[in-house]
Amino acid sequence: MNLGFDSEQLRVLNWRATNRDIAAVVGPPGCGKTTVGSALAVKMIAETLATKVLLVAYTNAAANEFCLELCDILGSKVAKSLCLRTGNPTGVDPSIPIPFSRSANEIKEKRIIISTNLSLKKLPALSFDNMIIDEAGVERLEHLLWPFWFGVNKSQVEEYKSRYDTRGDGDGDGNTQIPFKINDLIELISQCGTVATVVGDPKQSRPISPMRVDYSAIEWVIKKSTCDTLRISHRLPDLLSGLVNEFAGYDGLRSAPEISSRRLVLECSPDIEYREIIQPDEVTTWVDINGEEQPIGPSSWANNMEAKACAKICSHLVRITRSKSIAIITRFKAQKLTIMRYLQRMGYRDIKVTTTTGALGTQADIVLFSLTRNNPERNVGAAGTLQDLNVAISRSKEKLIILGNFDMMSNGWSGGGGGASAGNKYQYKSSARKLARLIDLKYGRVVDAPQMIIC
Amino acid sequence: MGDLIVRDLYKTISHAQKTHLVQSKEIATSCVCPYLFKMSYPFGVVGGERDYVIANTVHDAISLASPTAILENWQQGKTQNDFERIAKSIDKDSEDILQKAIANSKSRVKMEGKTPLLETFDFEVQDRFHGLLIGLAKRVMKKYPQPKRAVTEITITNVAEVQEGRIDAIFEFKDDRYGLVEWKTNDVKRASGSGVDRWQLIANFLLTNYRYTGDENNWNRCLFGSVIYYEGAYFPRLPLSEEWLSKVKKDRKFAHEILCGERPHAQKPPFCPVCDRDGESRSDCRFYREDSKQALLGNLPVDYANIRRLLLRRRYLVLDERAETHKHKFVINTIIDRLGEANALQELEKTGVINSGYRIHSINANSVTLVKKYYNDDEATLTLLEPRKIVRIIGKEDNGIPLLACVNEKGFVREVDDTKLIVDFDGNTIAERAKTQLRNLPIIIIPDEINLTRRVLEPMHRFHRLAADIMLPPEFFLGVQNNESGF
């Protein structure tokens with residue numbers, strides 16, 4: 001099977017199709033994690049390496065993405081006959097041709113089942129030969145256990161259990177020992193016949209956990225089992241893939257040759273005030289802006305000046321690049337809603353504004369990223385985590401515009417509270433420092449916000 | 001108190017205490033046997049997959065009939081012959097409600113792809129509904145005058161006592177007293193005066209006292225409490241015995257401590273309806289008791305002990321996540337305690353935690369449209385509500401009823417802008433109930449969350465038992481039927 005996959009994707013596909021164990025596939029931004037997951041399911045069925053495959057996603061949006069990829073690979077007609085989407089009907093995209101059902105009989109009939117993790121409990125008692133679990137960077141170890149349960153091989157377990165009846169004489173001479181050593185949970189599950197590929201990127205997402213520091217599901221698998229990494233990005237042009245590679249430490253992420261030199265093409269020249277910001281040759285531009293942060297709600301932040309600037313730049317971009325998709329990303333829900341409010345007042349209801357969590361798995365031609373935090377203590381807080389910054393800077397296909405106080409970010413702290421002067425022992429240098437330095441020195445340009453976008 | 005103090009409270013409250021709430025049902029389970037509670041939390045043992053479609057349909061119908069047909073047909077002091085007549089007239093007046101509830105259940109079963117309902121479904125629902133009405137007429141209506149109001153399916157949260165519960169129905173009488181009713185719809189058996197029904201009723205008594213007097217120990221306004229079952233009712237004599245009350249409080253504390261990850265002493269009662277009657281979780285209960293015992297004695301092999309420890313640690317982490325879902329209620333309650341309700345609500349609104357000033361504009365099939373009473377574009381604070389967010393719509397009642405004990409319904413935000421909010425409910429019945437109970441009351445919206453922790457705990461239980469099956473020889477668990485990991 002070769003449907004235009006790159007060499008890395010083919011390597012991973014062949015590796016996972018022929019190995020019957022639990023392993024991780026790390027996919028940096030734009031490397032096609034969902035594509036590889038869907039292709040692997042199709043390959044297994046097509047080459048009769050499996051009779052039933054389960055595709056699991058954390059969110060309904062990601063499960064819908066799986067369905068779209070399957071339709072792309074198989075064509076709508078075949079996808080309809082082979083695949084079935086199950087779970088919560090309200091989260092299903094009705095435009096996708098793959099049928100939806102919760103009926104046990106229909107689920108039993110189909111070969112590829114797509115579901116969200118939380119809906120797995122409602123699946124009938126079935127066994128799957130292979131499981132592909134996406135977005136495992138957001139999930140925790142316990143979230144892998146439902147999908148893994150569907151892979152446990154009943155007869156294999158019965159065989160292990162029966163050893164006590166057939167060989168065990170209870171005299172402690174070692175006859176009852178199982179023929180392998182089990183060191184941890186992943187190994188136990190693997191020995192019980194579960195075959196699974198856990199896909200994700202721990203550098204793009206973290207699990208939501210009550211614990212301050214917790215491993216994500218994919219980190220567990222990486223730690224306890226084998227792992228491979230995709231390194232060809234089909235989204236990011238050379239300068240952006242370089243920035244992302246150095247920032248997140250992917251150790252060799254590069255752009256696919258056909259998109260490497262891609263740059264923003266404008267339909268008409270930008271107004272003079274915006275010229276420096278929307279410079280097409282400069283893939284990344286940092287607009288240095290000194291707006292005031294405001295606390296909103298239990299833990300969110302907004303920055304009116306940045307929100308207004310985002311809306312104005314966006315409005316200008318719409319005018320000069322009509323065919324391009326634009327997305328605005330921010331770490332904070334309050335800032336997202338503030339930007340949306342400004343855009344609505346300006347009559348733009350269709351521009352996508354999202355938080356970094358919501359941006360996972362999405363892309364746009366032009367991305368504006370509002371950093372929001374700005375305070376004298378230089379406390380960047382949650383806005384300065386590696387994963388959030390990495391997601392925000394890696395959604396863009398042609399142009400990335402970052403809005404925020406450059407000085408604050410290049411000297412920022414994360415963790416604790418109260419800033420550097422407070423001497424908080426839980427504080428550490430924010431990843432935003434590295435990002436600011438890389439953009440300033442190597443991959444982009446820092447420009448002052450023009451007066452007209454901040455007033 | 002400024003915005004930042006509310007925010008600080010959000011940050012610090014989890015350090016000061018775990019924000020767990022114990023549900024009345026969990027208290028009742030704990031009262032029956034502490035180990036039975038531990039089966040659910042932290043172990044994640046899930047009971048049989050019994051189908052409660054009939055019970056839920058009857059529950060839906062009777063929750064809508066209580067403030068309407070039941071109240072209208074209420075007659076005190078009637079004789080034996082009249083009960084059937086009263087029940088029939090309620091039946092007749094609730095015909096529409098019952099048919100809608102049946103139709104909703106059927107379409108839900110179809111949509112969810114569940115096993116098709118039996119042909120006798122309609123009859124079973126009607127019969128059970130009628131049986132409950134006979135029970136109500138025979139035992140409750142006979143004794144008490146017509147109430148002035150009925151509130152149904154109301155969630156009451158008493159944060160100070162870490163308890164929450166959903167009350168089936170409360171009848172309010174003219175002399176400001178109230179009667180608490182629980183419907184037993186899951187079968188046609190008598191409610192047991194010694195089992196879970198009694199304990200749940202007592203736990204709910206405490207919540208209802210809190211709603212009407214602000215103090216769970218103040219019984220001045222309590223008139224009666226009853227579990228209505230098919231053609232009968234269980235009526236504990238009031239005042240309740242101190243022994244019962246202290247047991248409920250003690251077991252509430254026990255359940256709370258378990259949820260918080262502490263290790264309170266658990267004592268198996270002389271008779272447990274699960275272990276001593278071959279109930280469905282018997283093997284699991286014995287397994288976990290023996291597993292803990294062997295672990296304490298240090299008898300478990302190292303590799304199994306490591307997996308066991310990991311699974312237990314992850315379970316308590318999941319419980320911490322459950323506590324997070326109640327955090328908003330703890331913060332709101334703490335601010336109300338410090339500032340008084342009016343000031344606290346202002347402060348919480350300013351910070352963006354709650355949203356007030358709404359009134360109900362219209363209620364459709366399964367959604368409600370709320371509009372802001374006053375809207376000033378310049379003064380408007382940013383609302384953090386957005387589509388798909390889970391919210392609790394509270395109808396603020398008078399008479400000093402605490403905010404978290406007022407009538408309320410849970411829903412999902414569908415649309416929101418500066419002046420309007422559309423909230424979807426999980427079904428037609430909730431929308432109908434909202435129409436009756438929330439209309440004409442000032443509306444306050446607070447953030448809420450769903451608790452899905454049991455779904456996450458269940459596979460941990462399965463793998464725990466699987467690990468024991470594979471890694472331990474049977475002699476480790478003398479008396480426990482091993483090899484029961486689900487295969």
# chains A, B, ... in the order shown; residues from 1 in each chain; ligands from 1
$ interface_residues --of "chain B" --to "chain A" --cutoff "6 Å" --atoms "only C-alpha atoms" --output "ChimeraX atom specification"
/B:7,112-113,303,307,321,351-353,459,470
$ write_last_selection --atoms "N, CA, C and O atoms" --output "compact mmCIF listing (two decimals), in the first residue's frame"
# COMPACT_ATOMS: atom_id res chain seq x y z
N ARG B 7 -9.98 34.31 42.78
CA ARG B 7 -9.06 33.48 42.00
C ARG B 7 -8.09 32.74 42.92
O ARG B 7 -7.80 31.57 42.70
N GLU B 112 -29.95 5.23 20.96
CA GLU B 112 -28.73 4.71 21.61
C GLU B 112 -28.43 3.28 21.20
O GLU B 112 -27.45 2.69 21.65
N GLY B 113 -29.29 2.71 20.36
CA GLY B 113 -29.04 1.36 19.87
C GLY B 113 -29.10 0.31 20.97
O GLY B 113 -28.43 -0.71 20.89
N ASP B 303 6.43 -8.38 41.67
CA ASP B 303 5.92 -7.87 40.39
C ASP B 303 4.42 -7.58 40.47
O ASP B 303 3.95 -6.54 40.01
N ILE B 307 2.34 -3.73 40.31
CA ILE B 307 1.19 -3.40 39.45
C ILE B 307 0.01 -2.98 40.32
O ILE B 307 -0.69 -2.01 40.04
N GLU B 321 -9.63 13.80 40.74
CA GLU B 321 -10.26 14.45 39.59
C GLU B 321 -11.76 14.64 39.85
O GLU B 321 -12.35 15.64 39.48
N THR B 351 -16.20 38.61 38.97
CA THR B 351 -15.03 37.80 38.62
C THR B 351 -15.30 36.90 37.42
O THR B 351 -14.37 36.35 36.84
N GLY B 352 -16.57 36.72 37.08
CA GLY B 352 -16.88 35.88 35.92
C GLY B 352 -17.14 34.42 36.27
O GLY B 352 -17.19 33.58 35.39
N VAL B 353 -17.29 34.14 37.58
CA VAL B 353 -17.52 32.75 37.98
C VAL B 353 -19.00 32.38 37.76
O VAL B 353 -19.29 31.30 37.25
N PRO B 459 -12.05 -0.03 34.14
CA PRO B 459 -11.01 -0.88 33.55
C PRO B 459 -9.84 -1.14 34.50
O PRO B 459 -9.17 -2.17 34.39
N ILE B 470 -3.50 -13.93 36.68
CA ILE B 470 -2.35 -14.45 35.93
C ILE B 470 -1.11 -14.59 36.82
O ILE B 470 -0.35 -15.54 36.69
$ residues_around --residues "B:Ala101" --least-positions-apart "6" --cutoff "7 Å" --atoms "only C-alpha atoms" --output "number ranges by chain"
B: 57, 60-61
$ write_last_selection --atoms "N, CA, C and O atoms" --output "mmCIF file, in the first residue's frame"
data_model
loop_
_atom_site.group_PDB
_atom_site.id
_atom_site.type_symbol
_atom_site.label_atom_id
_atom_site.label_comp_id
_atom_site.auth_asym_id
_atom_site.auth_seq_id
_atom_site.Cartn_x
_atom_site.Cartn_y
_atom_site.Cartn_z
ATOM 1 N N THR B 57 -38.447 5.856 33.102
ATOM 2 C CA THR B 57 -39.635 6.438 32.459
ATOM 3 C C THR B 57 -40.679 6.795 33.521
ATOM 4 O O THR B 57 -41.271 7.882 33.487
ATOM 5 N N ASP B 60 -39.495 9.866 35.344
ATOM 6 C CA ASP B 60 -39.717 11.079 34.544
ATOM 7 C C ASP B 60 -41.168 11.521 34.630
ATOM 8 O O ASP B 60 -41.473 12.695 34.857
ATOM 9 N N ALA B 61 -42.062 10.534 34.445
ATOM 10 C CA ALA B 61 -43.489 10.881 34.411
ATOM 11 C C ALA B 61 -43.958 11.405 35.765
ATOM 12 O O ALA B 61 -44.635 12.431 35.854
#
$ atom_distance --atom1 "atom CA of A:Ala62" --atom2 "atom CA of A:Leu343"
26.7 Å
$ closest_residue --among "A:Pro94, A:Gly291, A:Gly242, A:Gly151" --to "A:Leu438" --atoms "only C-alpha atoms"
A:Gly242
$ closest_residue --among "B:Arg388, B:Lys372, B:Lys396, B:Arg338" --to "B:Leu421" --atoms "only C-alpha atoms"
B:Lys372
$ select_by_dssp --residues "stretch 338-433 of chain A" --states "helix (DSSP H, G or I)" --output "PyMOL selection string"
chain A and resi 338-345+356-359+381-384+386-393+406-410+420-422+431-433
$ write_last_selection --atoms "N, CA, C and O atoms" --output "short mmCIF file (atom, residue, chain, number, x, y, z; two decimals), in the first residue's frame"
data_model
loop_
_atom_site.label_atom_id
_atom_site.label_comp_id
_atom_site.auth_asym_id
_atom_site.auth_seq_id
_atom_site.Cartn_x
_atom_site.Cartn_y
_atom_site.Cartn_z
N THR A 338 -12.73 37.42 24.24
CA THR A 338 -12.56 38.86 24.01
C THR A 338 -12.28 39.11 22.52
O THR A 338 -12.86 40.02 21.92
N ILE A 339 -11.41 38.29 21.94
CA ILE A 339 -11.10 38.47 20.51
C ILE A 339 -12.36 38.23 19.68
O ILE A 339 -12.66 38.99 18.75
N MET A 340 -13.11 37.19 20.06
CA MET A 340 -14.34 36.88 19.31
C MET A 340 -15.32 38.04 19.38
O MET A 340 -15.99 38.37 18.40
N ARG A 341 -15.38 38.66 20.56
CA ARG A 341 -16.29 39.79 20.72
C ARG A 341 -15.90 40.93 19.76
O ARG A 341 -16.75 41.52 19.10
N TYR A 342 -14.59 41.23 19.69
CA TYR A 342 -14.13 42.30 18.78
C TYR A 342 -14.42 41.94 17.33
O TYR A 342 -14.88 42.77 16.55
N LEU A 343 -14.15 40.69 16.98
CA LEU A 343 -14.37 40.27 15.60
C LEU A 343 -15.85 40.35 15.23
O LEU A 343 -16.21 40.78 14.14
N GLN A 344 -16.70 39.94 16.18
CA GLN A 344 -18.14 40.00 15.91
C GLN A 344 -18.58 41.44 15.68
O GLN A 344 -19.38 41.73 14.81
N ARG A 345 -18.03 42.35 16.50
CA ARG A 345 -18.41 43.76 16.33
C ARG A 345 -17.95 44.30 14.98
O ARG A 345 -18.55 45.22 14.44
N THR A 356 -5.28 26.99 22.72
CA THR A 356 -4.24 26.06 22.27
C THR A 356 -4.74 24.61 22.34
O THR A 356 -4.41 23.81 21.47
N THR A 357 -5.56 24.32 23.35
CA THR A 357 -6.09 22.95 23.46
C THR A 357 -7.00 22.64 22.27
O THR A 357 -6.91 21.56 21.68
N GLY A 358 -7.84 23.60 21.92
CA GLY A 358 -8.76 23.40 20.80
C GLY A 358 -8.04 23.37 19.47
O GLY A 358 -8.56 22.88 18.48
N ALA A 359 -6.84 23.96 19.43
CA ALA A 359 -6.11 24.06 18.16
C ALA A 359 -5.43 22.75 17.78
O ALA A 359 -5.00 22.60 16.64
N GLY A 381 3.27 32.38 33.48
CA GLY A 381 2.30 31.38 33.93
C GLY A 381 2.11 30.27 32.92
O GLY A 381 3.05 29.86 32.23
N ALA A 382 0.86 29.83 32.81
CA ALA A 382 0.56 28.69 31.94
C ALA A 382 0.80 29.02 30.47
O ALA A 382 0.93 28.11 29.65
N ALA A 383 0.86 30.31 30.14
CA ALA A 383 1.06 30.68 28.73
C ALA A 383 2.47 30.33 28.26
O ALA A 383 2.75 30.34 27.07
N GLY A 384 3.33 30.04 29.21
CA GLY A 384 4.73 29.82 28.84
C GLY A 384 5.15 28.36 28.80
O GLY A 384 6.34 28.06 28.76
N LEU A 386 5.92 24.68 27.33
CA LEU A 386 6.44 24.20 26.04
C LEU A 386 5.31 23.72 25.13
O LEU A 386 5.25 24.09 23.95
N GLN A 387 4.40 22.92 25.69
CA GLN A 387 3.36 22.31 24.85
C GLN A 387 2.44 23.36 24.23
O GLN A 387 2.12 23.29 23.04
N ASP A 388 2.00 24.33 25.05
CA ASP A 388 1.08 25.34 24.53
C ASP A 388 1.74 26.20 23.45
O ASP A 388 1.15 26.48 22.41
N LEU A 389 2.98 26.61 23.73
CA LEU A 389 3.68 27.44 22.75
C LEU A 389 3.93 26.64 21.48
O LEU A 389 3.78 27.15 20.37
N ASN A 390 4.28 25.38 21.66
CA ASN A 390 4.58 24.54 20.49
C ASN A 390 3.35 24.38 19.60
O ASN A 390 3.44 24.49 18.37
N VAL A 391 2.20 24.13 20.23
CA VAL A 391 0.97 24.00 19.44
C VAL A 391 0.69 25.29 18.69
O VAL A 391 0.41 25.30 17.48
N ALA A 392 0.80 26.41 19.40
CA ALA A 392 0.44 27.69 18.80
C ALA A 392 1.34 28.05 17.61
O ALA A 392 0.86 28.57 16.60
N ILE A 393 2.63 27.75 17.70
CA ILE A 393 3.52 28.17 16.61
C ILE A 393 3.55 27.15 15.46
O ILE A 393 4.16 27.41 14.43
N PHE A 406 7.43 41.50 24.01
CA PHE A 406 8.65 40.73 23.73
C PHE A 406 9.58 40.69 24.94
O PHE A 406 10.13 39.64 25.28
N ASP A 407 9.71 41.83 25.61
CA ASP A 407 10.63 41.88 26.75
C ASP A 407 10.15 40.96 27.87
O ASP A 407 10.92 40.21 28.47
N MET A 408 8.84 41.00 28.10
CA MET A 408 8.24 40.14 29.13
C MET A 408 8.50 38.65 28.82
O MET A 408 8.88 37.86 29.69
N MET A 409 8.29 38.29 27.56
CA MET A 409 8.44 36.87 27.20
C MET A 409 9.89 36.44 27.17
O MET A 409 10.21 35.32 27.56
N SER A 410 10.77 37.34 26.74
CA SER A 410 12.17 36.90 26.65
C SER A 410 12.84 36.85 28.03
O SER A 410 13.98 36.39 28.15
N ALA A 420 9.90 36.90 39.51
CA ALA A 420 11.27 36.57 39.88
C ALA A 420 11.66 37.18 41.21
O ALA A 420 12.35 36.57 42.02
N SER A 421 11.19 38.39 41.44
CA SER A 421 11.60 39.10 42.65
C SER A 421 11.11 38.39 43.91
O SER A 421 11.68 38.53 44.98
N ALA A 422 10.03 37.66 43.78
CA ALA A 422 9.49 36.99 44.96
C ALA A 422 10.36 35.81 45.40
O ALA A 422 10.20 35.29 46.49
N SER A 431 9.56 28.61 28.89
CA SER A 431 9.95 28.23 27.52
C SER A 431 9.76 29.40 26.56
O SER A 431 10.33 29.40 25.46
N ALA A 432 8.97 30.38 26.97
CA ALA A 432 8.75 31.55 26.11
C ALA A 432 10.08 32.27 25.85
O ALA A 432 10.26 32.91 24.81
N ARG A 433 11.01 32.17 26.79
CA ARG A 433 12.32 32.81 26.60
C ARG A 433 13.01 32.25 25.37
O ARG A 433 13.55 32.99 24.54
#
$ atom_distance --atom1 "atom CA of B:Leu9" --atom2 "atom CA of B:Thr334"
8.7 Å
